[in-house]
file my_file38.cif (mmCIF, C-alpha atoms)
data_final
loop_
_atom_site.group_PDB
_atom_site.id
_atom_site.type_symbol
_atom_site.label_atom_id
_atom_site.label_comp_id
_atom_site.auth_asym_id
_atom_site.auth_seq_id
_atom_site.Cartn_x
_atom_site.Cartn_y
_atom_site.Cartn_z
ATOM 1 C CA MET W 1 9.242 30.268 13.023
ATOM 2 C CA THR W 2 12.446 30.281 15.096
ATOM 3 C CA ASP W 3 13.214 31.081 18.694
ATOM 4 C CA GLN W 4 15.275 34.054 17.467
ATOM 5 C CA ASP W 5 12.223 35.996 16.281
ATOM 6 C CA ASP W 6 11.533 38.494 19.076
ATOM 7 C CA ASP W 7 7.973 39.243 17.925
ATOM 8 C CA LEU W 8 6.881 35.596 17.814
ATOM 9 C CA PRO W 9 6.219 33.240 20.731
ATOM 10 C CA PRO W 10 8.729 30.420 21.221
ATOM 11 C CA PRO W 11 8.074 27.390 18.979
ATOM 12 C CA SER W 12 5.694 24.983 20.704
ATOM 13 C CA TRP W 13 3.729 21.789 20.188
ATOM 14 C CA ARG W 14 0.779 20.318 22.076
ATOM 15 C CA GLN W 15 -0.219 16.670 22.024
ATOM 16 C CA ARG W 16 -2.562 14.342 23.818
ATOM 17 C CA PRO W 17 -0.703 11.045 23.254
ATOM 18 C CA LYS W 18 -3.404 8.808 24.815
ATOM 19 C CA PRO W 19 -7.177 8.822 24.416
ATOM 20 C CA VAL W 20 -7.538 9.180 28.188
ATOM 21 C CA GLY W 21 -5.161 11.558 29.897
ATOM 22 C CA PHE W 22 -3.788 15.048 29.927
ATOM 23 C CA GLU W 23 -2.435 17.055 27.043
ATOM 24 C CA ILE W 24 1.331 17.573 27.028
ATOM 25 C CA ALA W 25 2.784 20.891 25.911
ATOM 26 C CA TYR W 26 6.331 21.216 24.537
ATOM 27 C CA LYS W 27 7.965 24.633 24.294
ATOM 28 C CA LEU W 28 11.437 25.822 23.372
ATOM 29 C CA ASP W 29 12.886 28.231 25.923
ATOM 30 C CA GLY W 30 16.379 29.178 24.775
ATOM 31 C CA GLY W 31 18.593 26.142 25.301
ATOM 32 C CA VAL W 32 15.849 24.221 27.123
ATOM 33 C CA LEU W 33 12.863 22.132 26.068
ATOM 34 C CA GLU W 34 10.055 22.736 28.540
ATOM 35 C CA ILE W 35 7.622 19.813 28.873
ATOM 36 C CA ASP W 36 4.399 20.709 30.656
ATOM 37 C CA ARG W 37 2.471 17.594 31.699
ATOM 38 C CA THR W 38 -0.182 19.641 33.540
ATOM 39 C CA ARG W 39 0.758 18.151 36.911
ATOM 40 C CA ALA W 40 4.508 18.638 36.488
ATOM 41 C CA VAL W 41 6.866 20.638 34.294
ATOM 42 C CA ASP W 42 10.172 19.148 33.155
ATOM 43 C CA ARG W 43 12.995 21.205 31.694
ATOM 44 C CA VAL W 44 15.389 19.310 29.421
ATOM 45 C CA ARG W 45 18.692 20.907 28.480
ATOM 46 C CA LEU W 46 19.133 20.656 24.721
ATOM 47 C CA SER W 47 22.890 20.229 25.191
ATOM 48 C CA ALA W 48 22.080 16.879 26.881
ATOM 49 C CA VAL W 49 20.424 15.469 23.728
ATOM 50 C CA GLU W 50 22.746 12.877 22.173
ATOM 51 C CA GLU W 51 20.449 11.540 19.451
ATOM 52 C CA VAL W 52 17.412 12.725 17.525
ATOM 53 C CA ARG W 53 15.479 9.876 15.887
ATOM 54 C CA PHE W 54 12.568 10.200 13.460
ATOM 55 C CA LEU W 55 10.127 7.294 13.110
ATOM 56 C CA TYR W 56 7.074 6.167 11.201
ATOM 57 C CA ALA W 57 4.699 5.025 13.957
ATOM 58 C CA PRO W 58 1.104 4.414 12.830
ATOM 59 C CA GLY W 59 -1.506 4.488 15.569
ATOM 60 C CA ASN W 60 -4.387 2.152 16.279
ATOM 61 C CA ILE W 61 -6.798 4.087 14.059
ATOM 62 C CA SER W 62 -4.424 6.033 11.828
ATOM 63 C CA SER W 63 -1.734 5.041 9.362
ATOM 64 C CA LYS W 64 -0.348 8.597 9.330
ATOM 65 C CA GLY W 65 1.520 8.538 12.642
ATOM 66 C CA TYR W 66 5.080 9.825 13.007
ATOM 67 C CA LYS W 67 7.255 10.332 16.080
ATOM 68 C CA THR W 68 10.343 12.240 17.119
ATOM 69 C CA ARG W 69 12.465 10.683 19.876
ATOM 70 C CA LEU W 70 15.236 12.460 21.769
ATOM 71 C CA ARG W 71 17.791 10.331 23.625
ATOM 72 C CA LEU W 72 19.501 12.173 26.475
ATOM 73 C CA SER W 73 22.972 11.664 27.912
ATOM 74 C CA ASP W 74 21.500 10.154 31.116
ATOM 75 C CA GLY W 75 19.673 7.454 29.127
ATOM 76 C CA ARG W 76 16.211 9.001 29.325
ATOM 77 C CA THR W 77 14.132 9.570 26.210
ATOM 78 C CA VAL W 78 11.565 12.178 25.231
ATOM 79 C CA THR W 79 9.091 11.092 22.546
ATOM 80 C CA PHE W 80 6.255 12.987 20.916
ATOM 81 C CA GLY W 81 4.284 12.559 17.710
ATOM 82 C CA ASN W 82 2.120 14.293 15.169
ATOM 83 C CA LEU W 83 -1.155 12.664 16.247
ATOM 84 C CA SER W 84 -3.261 13.908 19.144
ATOM 85 C CA TRP W 85 -6.371 12.259 20.562
ATOM 86 C CA ARG W 86 -9.494 14.423 20.712
ATOM 87 C CA SER W 87 -11.740 11.670 22.056
ATOM 88 C CA LEU W 88 -11.783 7.897 22.457
ATOM 89 C CA THR W 89 -12.401 7.474 18.730
ATOM 90 C CA ASP W 90 -11.057 10.617 17.078
ATOM 91 C CA MET W 91 -7.543 11.881 16.391
ATOM 92 C CA GLU W 92 -6.337 15.147 14.929
ATOM 93 C CA ARG W 93 -3.274 16.035 12.882
ATOM 94 C CA ASP W 94 -1.570 19.361 12.314
ATOM 95 C CA ASP W 95 1.391 18.301 10.214
ATOM 96 C CA ALA W 96 2.455 21.832 9.240
ATOM 97 C CA ARG W 97 2.728 22.970 12.846
ATOM 98 C CA TYR W 98 4.367 19.683 13.861
ATOM 99 C CA HIS W 99 6.997 20.110 11.139
ATOM 100 C CA ARG W 100 7.697 23.718 12.160
ATOM 101 C CA PHE W 101 8.223 22.696 15.778
ATOM 102 C CA VAL W 102 10.424 19.693 14.947
ATOM 103 C CA ALA W 103 12.544 21.786 12.555
ATOM 104 C CA ALA W 104 12.994 24.547 15.145
ATOM 105 C CA LEU W 105 13.767 21.999 17.874
ATOM 106 C CA SER W 106 16.305 20.184 15.664
ATOM 107 C CA ALA W 107 18.092 23.432 14.827
ATOM 108 C CA ALA W 108 18.182 24.435 18.509
ATOM 109 C CA ILE W 109 19.544 21.024 19.545
ATOM 110 C CA LEU W 110 22.270 21.225 16.893
ATOM 111 C CA ARG W 111 23.277 24.679 18.172
ATOM 112 C CA ALA W 112 23.387 23.429 21.760
ATOM 113 C CA ASN W 113 25.266 20.205 20.930
ATOM 114 C CA PRO W 114 27.046 20.114 17.552
ATOM 115 C CA ARG W 115 27.971 16.446 18.177
ATOM 116 C CA VAL W 116 24.335 15.296 18.324
ATOM 117 C CA ARG W 117 23.449 12.420 15.992
ATOM 118 C CA PHE W 118 20.412 12.588 13.691
ATOM 119 C CA VAL W 119 18.977 9.264 12.526
ATOM 120 C CA GLY W 120 15.902 8.008 10.729
ATOM 121 C CA GLY W 121 14.004 4.759 11.220
ATOM 122 C CA ARG W 122 14.197 2.008 13.818
ATOM 123 C CA PRO W 123 17.391 0.674 15.368
ATOM 124 C CA ARG W 124 18.910 -1.874 12.985
ATOM 125 C CA ALA W 125 18.202 -5.032 15.040
ATOM 126 C CA LEU W 126 14.566 -4.059 15.590
ATOM 127 C CA TRP W 127 14.133 -3.149 11.926
ATOM 128 C CA ILE W 128 15.579 -6.515 10.787
ATOM 129 C CA ALA W 129 13.229 -8.364 13.165
ATOM 130 C CA THR W 130 10.231 -6.375 11.895
ATOM 131 C CA ALA W 131 11.205 -6.979 8.253
ATOM 132 C CA ALA W 132 11.681 -10.718 8.884
ATOM 133 C CA VAL W 133 8.317 -11.111 10.639
ATOM 134 C CA GLY W 134 6.596 -9.048 7.931
ATOM 135 C CA ALA W 135 8.136 -11.095 5.111
ATOM 136 C CA LEU W 136 7.243 -14.359 6.877
ATOM 137 C CA SER W 137 3.631 -13.253 7.363
ATOM 138 C CA LEU W 138 3.260 -12.198 3.727
ATOM 139 C CA GLY W 139 4.882 -15.437 2.573
ATOM 140 C CA MET W 140 2.455 -17.512 4.642
ATOM 141 C CA LEU W 141 -0.548 -15.656 3.223
ATOM 142 C CA ALA W 142 0.759 -16.104 -0.331
ATOM 143 C CA PHE W 143 1.296 -19.844 0.305
ATOM 144 C CA PHE W 144 -2.213 -20.169 1.743
ATOM 145 C CA SER W 145 -3.737 -18.436 -1.292
ATOM 146 C CA LEU W 146 -1.783 -20.544 -3.774
ATOM 147 C CA SER W 147 -2.696 -23.754 -1.963
ATOM 148 C CA ALA W 148 -6.374 -22.772 -1.902
ATOM 149 C CA PHE W 149 -6.412 -22.099 -5.654
ATOM 150 C CA GLN W 150 -4.619 -25.404 -6.368
ATOM 151 C CA ARG W 151 -7.311 -27.291 -4.392
ATOM 152 C CA GLY W 152 -10.119 -25.539 -6.230
ATOM 153 C CA MET W 153 -11.099 -23.413 -3.222
ATOM 154 C CA THR W 154 -11.470 -20.168 -5.154
ATOM 155 C CA GLY W 155 -13.297 -18.288 -2.367
ATOM 156 C CA ALA W 156 -10.590 -19.075 0.173
ATOM 157 C CA GLY W 157 -7.887 -18.177 -2.355
ATOM 158 C CA LEU W 158 -9.500 -14.813 -3.083
ATOM 159 C CA LEU W 159 -9.859 -14.149 0.643
ATOM 160 C CA GLY W 160 -6.182 -14.969 1.064
ATOM 161 C CA LEU W 161 -5.260 -12.540 -1.719
ATOM 162 C CA LEU W 162 -7.390 -9.850 -0.083
ATOM 163 C CA LEU W 163 -5.656 -10.432 3.241
ATOM 164 C CA LEU W 164 -2.286 -10.430 1.474
ATOM 165 C CA ALA W 165 -3.001 -7.056 -0.153
ATOM 166 C CA ALA W 166 -4.236 -5.546 3.136
ATOM 167 C CA SER W 167 -1.221 -6.885 5.024
ATOM 168 C CA TYR W 168 1.201 -5.575 2.410
ATOM 169 C CA TRP W 169 -0.472 -2.145 2.631
ATOM 170 C CA GLN W 170 0.140 -2.190 6.419
ATOM 171 C CA VAL W 171 3.578 -3.820 6.535
ATOM 172 C CA TRP W 172 5.437 -2.198 3.625
ATOM 173 C CA PRO W 173 5.468 1.376 5.036
ATOM 174 C CA LEU W 174 6.664 0.050 8.414
ATOM 175 C CA ILE W 175 9.627 -1.561 6.684
ATOM 176 C CA SER W 176 10.440 0.979 3.974
ATOM 177 C CA LEU W 177 9.995 4.187 5.999
ATOM 178 C CA ASN W 178 11.691 2.827 9.122
ATOM 179 C CA LYS W 179 14.809 1.563 7.363
ATOM 180 C CA PRO W 180 17.752 2.661 9.576
ATOM 181 C CA ARG W 181 19.772 5.542 8.175
ATOM 182 C CA ASP W 182 22.076 8.294 9.339
ATOM 183 C CA LEU W 183 20.987 11.825 8.555
ATOM 184 C CA ALA W 184 22.958 15.018 8.057
ATOM 185 C CA PRO W 185 23.316 17.184 11.188
ATOM 186 C CA GLY W 186 20.044 19.023 11.692
ATOM 187 C CA GLU W 187 18.279 17.206 8.838
ATOM 188 C CA VAL W 188 14.509 16.819 9.184
ATOM 189 C CA PRO W 189 13.419 14.195 6.604
ATOM 190 C CA ASP W 190 10.096 14.853 4.859
ATOM 191 C CA ALA W 191 9.299 11.132 4.732
ATOM 192 C CA LEU W 192 9.325 10.926 8.546
ATOM 193 C CA VAL W 193 8.278 14.478 9.497
ATOM 194 C CA PRO W 194 5.308 15.469 7.329
ATOM 195 C CA GLY W 195 4.113 19.018 6.857
ATOM 196 C CA ARG W 196 7.000 20.912 5.264
ATOM 197 C CA PRO W 197 5.667 24.051 3.544
ATOM 198 C CA ARG W 198 5.723 23.735 -0.250
#
call {"tool": "encode", "arguments": {"input": "my_file38.cif", "output": "structure tokens"}}
result
Amino acid sequence: MTDQDDDLPPPSWRQRPKPVGFEIAYKLDGGVLEIDRTRAVDRVRLSAVEEVRFLYAPGNISSKGYKTRLRLSDGRTVTFGNLSWRSLTDMERDDARYHRFVAALSAAILRANPRVRFVGGRPRALWIATAAVGALSLGMLAFFSLSAFQRGMTGAGLLGLLLLAASYWQVWPLISLNKPRDLAPGEVPDALVPGRPR
């Protein structure tokens, strides 16, 4: 789906980013991204986008969260993700539609500003801090488990190993998927924007 297809509506995406609050609608309108927040409508010129960043951003109840962040020339940012709250305890995903919108938006931004930068992952300093804290936490759990086994406290050691495995399962994607990297102009990486048609 592209904004050049006369018979199709402009590419769009709808998201409720918080469990309590209004849904936000994003729609491409030529060289503008229209953001309808129900009470106000913002129109962002795509030529003002200086950077497109793709992130792995798990939510409170989902490990399948991803975000796209646009940094504008005036310093503002526009961020939206693939997860939308349906209720206080339930989220929905529509990765295929999310991918179509992000791909169409990325192509439109590149047309409007050929100098735009596409990047994946967290900024380098933040990524290093996250990796250091994650490694320290895993190291402490491993030390705790080893110490427990050496003292004959098998139950505590097994609990430590269980916590270590669960922590690794949570921490490793945050570090590996969010490793900072430059992308080709217009590139939409599958690892950070799920839903590409096969």
call {"tool": "resolve_selection", "arguments": {"input": "my_file38.cif", "expression": "the PyMOL selection byres ((chain W and resi 18-27) around 12)", "output": "PDB file with C-alpha atoms, in the frame of the given file"}}
result
ATOM      1  CA  THR W   2      12.446  30.281  15.096  1.00  0.00           C
ATOM      2  CA  ASP W   3      13.214  31.081  18.694  1.00  0.00           C
ATOM      3  CA  PRO W   9       6.219  33.240  20.731  1.00  0.00           C
ATOM      4  CA  PRO W  10       8.729  30.420  21.221  1.00  0.00           C
ATOM      5  CA  PRO W  11       8.074  27.390  18.979  1.00  0.00           C
ATOM      6  CA  SER W  12       5.694  24.983  20.704  1.00  0.00           C
ATOM      7  CA  TRP W  13       3.729  21.789  20.188  1.00  0.00           C
ATOM      8  CA  ARG W  14       0.779  20.318  22.076  1.00  0.00           C
ATOM      9  CA  GLN W  15      -0.219  16.670  22.024  1.00  0.00           C
ATOM     10  CA  ARG W  16      -2.562  14.342  23.818  1.00  0.00           C
ATOM     11  CA  PRO W  17      -0.703  11.045  23.254  1.00  0.00           C
ATOM     12  CA  LEU W  28      11.437  25.822  23.372  1.00  0.00           C
ATOM     13  CA  ASP W  29      12.886  28.231  25.923  1.00  0.00           C
ATOM     14  CA  GLY W  30      16.379  29.178  24.775  1.00  0.00           C
ATOM     15  CA  GLY W  31      18.593  26.142  25.301  1.00  0.00           C
ATOM     16  CA  VAL W  32      15.849  24.221  27.123  1.00  0.00           C
ATOM     17  CA  LEU W  33      12.863  22.132  26.068  1.00  0.00           C
ATOM     18  CA  GLU W  34      10.055  22.736  28.540  1.00  0.00           C
ATOM     19  CA  ILE W  35       7.622  19.813  28.873  1.00  0.00           C
ATOM     20  CA  ASP W  36       4.399  20.709  30.656  1.00  0.00           C
ATOM     21  CA  ARG W  37       2.471  17.594  31.699  1.00  0.00           C
ATOM     22  CA  THR W  38      -0.182  19.641  33.540  1.00  0.00           C
ATOM     23  CA  ARG W  39       0.758  18.151  36.911  1.00  0.00           C
ATOM     24  CA  ALA W  40       4.508  18.638  36.488  1.00  0.00           C
ATOM     25  CA  VAL W  41       6.866  20.638  34.294  1.00  0.00           C
ATOM     26  CA  ASP W  42      10.172  19.148  33.155  1.00  0.00           C
ATOM     27  CA  ARG W  43      12.995  21.205  31.694  1.00  0.00           C
ATOM     28  CA  VAL W  44      15.389  19.310  29.421  1.00  0.00           C
ATOM     29  CA  LEU W  46      19.133  20.656  24.721  1.00  0.00           C
ATOM     30  CA  GLY W  59      -1.506   4.488  15.569  1.00  0.00           C
ATOM     31  CA  ASN W  60      -4.387   2.152  16.279  1.00  0.00           C
ATOM     32  CA  ILE W  61      -6.798   4.087  14.059  1.00  0.00           C
ATOM     33  CA  VAL W  78      11.565  12.178  25.231  1.00  0.00           C
ATOM     34  CA  THR W  79       9.091  11.092  22.546  1.00  0.00           C
ATOM     35  CA  PHE W  80       6.255  12.987  20.916  1.00  0.00           C
ATOM     36  CA  GLY W  81       4.284  12.559  17.710  1.00  0.00           C
ATOM     37  CA  LEU W  83      -1.155  12.664  16.247  1.00  0.00           C
ATOM     38  CA  SER W  84      -3.261  13.908  19.144  1.00  0.00           C
ATOM     39  CA  TRP W  85      -6.371  12.259  20.562  1.00  0.00           C
ATOM     40  CA  ARG W  86      -9.494  14.423  20.712  1.00  0.00           C
ATOM     41  CA  SER W  87     -11.740  11.670  22.056  1.00  0.00           C
ATOM     42  CA  LEU W  88     -11.783   7.897  22.457  1.00  0.00           C
ATOM     43  CA  THR W  89     -12.401   7.474  18.730  1.00  0.00           C
ATOM     44  CA  ASP W  90     -11.057  10.617  17.078  1.00  0.00           C
ATOM     45  CA  MET W  91      -7.543  11.881  16.391  1.00  0.00           C
ATOM     46  CA  GLU W  92      -6.337  15.147  14.929  1.00  0.00           C
ATOM     47  CA  TYR W  98       4.367  19.683  13.861  1.00  0.00           C
ATOM     48  CA  PHE W 101       8.223  22.696  15.778  1.00  0.00           C
ATOM     49  CA  VAL W 102      10.424  19.693  14.947  1.00  0.00           C
ATOM     50  CA  ALA W 104      12.994  24.547  15.145  1.00  0.00           C
ATOM     51  CA  LEU W 105      13.767  21.999  17.874  1.00  0.00           C
ATOM     52  CA  ALA W 108      18.182  24.435  18.509  1.00  0.00           C
TER      53      ALA W 108
END
call {"tool": "closest_residue", "arguments": {"input": "my_file38.cif", "among": "W:Leu177, W:Leu138, W:Ala184, W:Ala132", "to": "Leu162 of chain W", "atoms": "only C-alpha atoms"}}
result
W:Leu138
call {"tool": "residues_around", "arguments": {"input": "my_file38.cif", "residues": "Asn82 of chain W", "least_positions_apart": "3", "cutoff": "8 Å", "atoms": "all atoms listed in the file", "output": "list in words"}}
result
Gln15, Gly65, Tyr66, Lys67, Arg93, Asp94, Asp95 and Tyr98 of chain W
call {"tool": "residues_around", "arguments": {"input": "my_file38.cif", "residues": "Gly186 of chain W", "least_positions_apart": "6", "cutoff": "8 Å", "atoms": "all atoms listed in the file", "output": "list of chain:residue names"}}
result
W:Ser106, W:Ala107, W:Leu110, W:Phe118
call {"tool": "resolve_selection", "arguments": {"input": "my_file38.cif", "expression": "the PyMOL selection byres ((chain W and resi 145) around 9)", "output": "list in words"}}
result
Met140, Leu141, Ala142, Phe143, Phe144, Leu146, Ser147, Ala148, Phe149, Gln150, Thr154, Ala156, Gly157, Leu158, Leu159, Gly160, Leu161 and Leu164 of chain W
call {"tool": "write_last_selection", "arguments": {"input": "my_file38.cif", "atoms": "C-alpha atoms", "output": "PDB file, in the frame of the given file"}}
result
ATOM      1  CA  MET W 140       2.455 -17.512   4.642  1.00  0.00           C
ATOM      2  CA  LEU W 141      -0.548 -15.656   3.223  1.00  0.00           C
ATOM      3  CA  ALA W 142       0.759 -16.104  -0.331  1.00  0.00           C
ATOM      4  CA  PHE W 143       1.296 -19.844   0.305  1.00  0.00           C
ATOM      5  CA  PHE W 144      -2.213 -20.169   1.743  1.00  0.00           C
ATOM      6  CA  LEU W 146      -1.783 -20.544  -3.774  1.00  0.00           C
ATOM      7  CA  SER W 147      -2.696 -23.754  -1.963  1.00  0.00           C
ATOM      8  CA  ALA W 148      -6.374 -22.772  -1.902  1.00  0.00           C
ATOM      9  CA  PHE W 149      -6.412 -22.099  -5.654  1.00  0.00           C
ATOM     10  CA  GLN W 150      -4.619 -25.404  -6.368  1.00  0.00           C
ATOM     11  CA  THR W 154     -11.470 -20.168  -5.154  1.00  0.00           C
ATOM     12  CA  ALA W 156     -10.590 -19.075   0.173  1.00  0.00           C
ATOM     13  CA  GLY W 157      -7.887 -18.177  -2.355  1.00  0.00           C
ATOM     14  CA  LEU W 158      -9.500 -14.813  -3.083  1.00  0.00           C
ATOM     15  CA  LEU W 159      -9.859 -14.149   0.643  1.00  0.00           C
ATOM     16  CA  GLY W 160      -6.182 -14.969   1.064  1.00  0.00           C
ATOM     17  CA  LEU W 161      -5.260 -12.540  -1.719  1.00  0.00           C
ATOM     18  CA  LEU W 164      -2.286 -10.430   1.474  1.00  0.00           C
TER      19      LEU W 164
END
call {"tool": "resolve_selection", "arguments": {"input": "my_file38.cif", "expression": "the PyMOL selection byres ((chain W and resi 176) around 12)", "output": "list in words"}}
result
Leu55, Tyr56, Gly120, Gly121, Arg122, Trp127, Ile128, Thr130, Ala131, Gly134, Tyr168, Trp169, Gln170, Val171, Trp172, Pro173, Leu174, Ile175, Leu177, Asn178, Lys179, Pro180, Arg181, Ala191 and Leu192 of chain W
call {"tool": "closest_residue", "arguments": {"input": "my_file38.cif", "among": "W:Glu50, W:Pro197, W:Asp182, W:Pro189", "to": "Val119 of chain W", "atoms": "all atoms listed in the file"}}
result
W:Asp182
call {"tool": "atom_distance", "arguments": {"input": "my_file38.cif", "atom1": "atom CA of Arg196 of chain W", "atom2": "atom CA of Val116 of chain W"}}
result
22.4 Å
call {"tool": "axis_aligned_box", "arguments": {"input": "my_file38.cif", "around": "segment 133-152 of chain W", "padding_each_side": "4 Å", "output": "lines of an AutoDock Vina configuration file"}}
result
center_x = -0.9
center_y = -18.2
center_z = 2.1
size_x = 26.4
size_y = 26.2
size_z = 25.0
call {"tool": "atom_distance", "arguments": {"input": "my_file38.cif", "atom1": "atom CA of Arg124 of chain W", "atom2": "atom CA of Ala96 of chain W"}}
result
29.1 Å
call {"tool": "atom_distance", "arguments": {"input": "my_file38.cif", "atom1": "atom CA of Leu72 of chain W", "atom2": "atom CA of Val49 of chain W"}}
result
4.4 Å
call {"tool": "closest_residue", "arguments": {"input": "my_file38.cif", "among": "W:Ala112, W:Arg100, W:Leu163, W:Val193", "to": "Ser137 of chain W", "atoms": "all atoms listed in the file"}}
result
W:Leu163
call {"tool": "closest_residue", "arguments": {"input": "my_file38.cif", "among": "W:Arg151, W:Arg53, W:His99, W:Arg45", "to": "Pro185 of chain W", "atoms": "only C-alpha atoms"}}
result
W:Arg53
call {"tool": "decode", "arguments": {"input": "my_file38.cif", "residues": "segment 44-56 of chain W", "atoms": "N, CA, C and O atoms", "output": "short mmCIF file (atom, residue, chain, number, x, y, z; two decimals), in the first residue's frame"}}
result
data_model
loop_
_atom_site.label_atom_id
_atom_site.label_comp_id
_atom_site.auth_asym_id
_atom_site.auth_seq_id
_atom_site.Cartn_x
_atom_site.Cartn_y
_atom_site.Cartn_z
N VAL W 44 2.58 17.15 10.71
CA VAL W 44 4.04 17.19 10.72
C VAL W 44 4.55 17.07 9.29
O VAL W 44 4.23 16.11 8.59
N ARG W 45 5.33 18.06 8.87
CA ARG W 45 5.92 18.00 7.53
C ARG W 45 7.00 16.92 7.51
O ARG W 45 7.89 16.90 8.34
N LEU W 46 6.91 16.03 6.55
CA LEU W 46 7.88 14.94 6.46
C LEU W 46 9.27 15.46 6.12
O LEU W 46 10.28 14.84 6.48
N SER W 47 9.35 16.60 5.45
CA SER W 47 10.66 17.18 5.13
C SER W 47 11.39 17.65 6.38
O SER W 47 12.60 17.88 6.36
N ALA W 48 10.66 17.78 7.51
CA ALA W 48 11.28 18.22 8.77
C ALA W 48 11.83 17.05 9.58
O ALA W 48 12.46 17.26 10.61
N VAL W 49 11.62 15.81 9.12
CA VAL W 49 12.13 14.65 9.85
C VAL W 49 13.61 14.48 9.56
O VAL W 49 14.02 14.33 8.41
N GLU W 50 14.43 14.53 10.60
CA GLU W 50 15.88 14.40 10.43
C GLU W 50 16.38 12.98 10.71
O GLU W 50 17.41 12.58 10.22
N GLU W 51 15.62 12.24 11.53
CA GLU W 51 16.06 10.89 11.89
C GLU W 51 14.85 9.99 12.10
O GLU W 51 13.86 10.39 12.71
N VAL W 52 14.95 8.77 11.59
CA VAL W 52 13.96 7.73 11.83
C VAL W 52 14.68 6.63 12.61
O VAL W 52 15.68 6.09 12.13
N ARG W 53 14.17 6.33 13.81
CA ARG W 53 14.81 5.33 14.67
C ARG W 53 13.82 4.20 14.96
O ARG W 53 12.67 4.45 15.32
N PHE W 54 14.30 2.97 14.83
CA PHE W 54 13.49 1.79 15.13
C PHE W 54 14.01 1.13 16.39
O PHE W 54 15.23 0.94 16.54
N LEU W 55 13.10 0.77 17.31
CA LEU W 55 13.49 0.26 18.62
C LEU W 55 12.71 -0.99 19.01
O LEU W 55 11.55 -1.14 18.62
N TYR W 56 13.37 -1.84 19.79
CA TYR W 56 12.67 -2.91 20.49
C TYR W 56 12.27 -2.34 21.84
O TYR W 56 13.13 -1.88 22.60
#
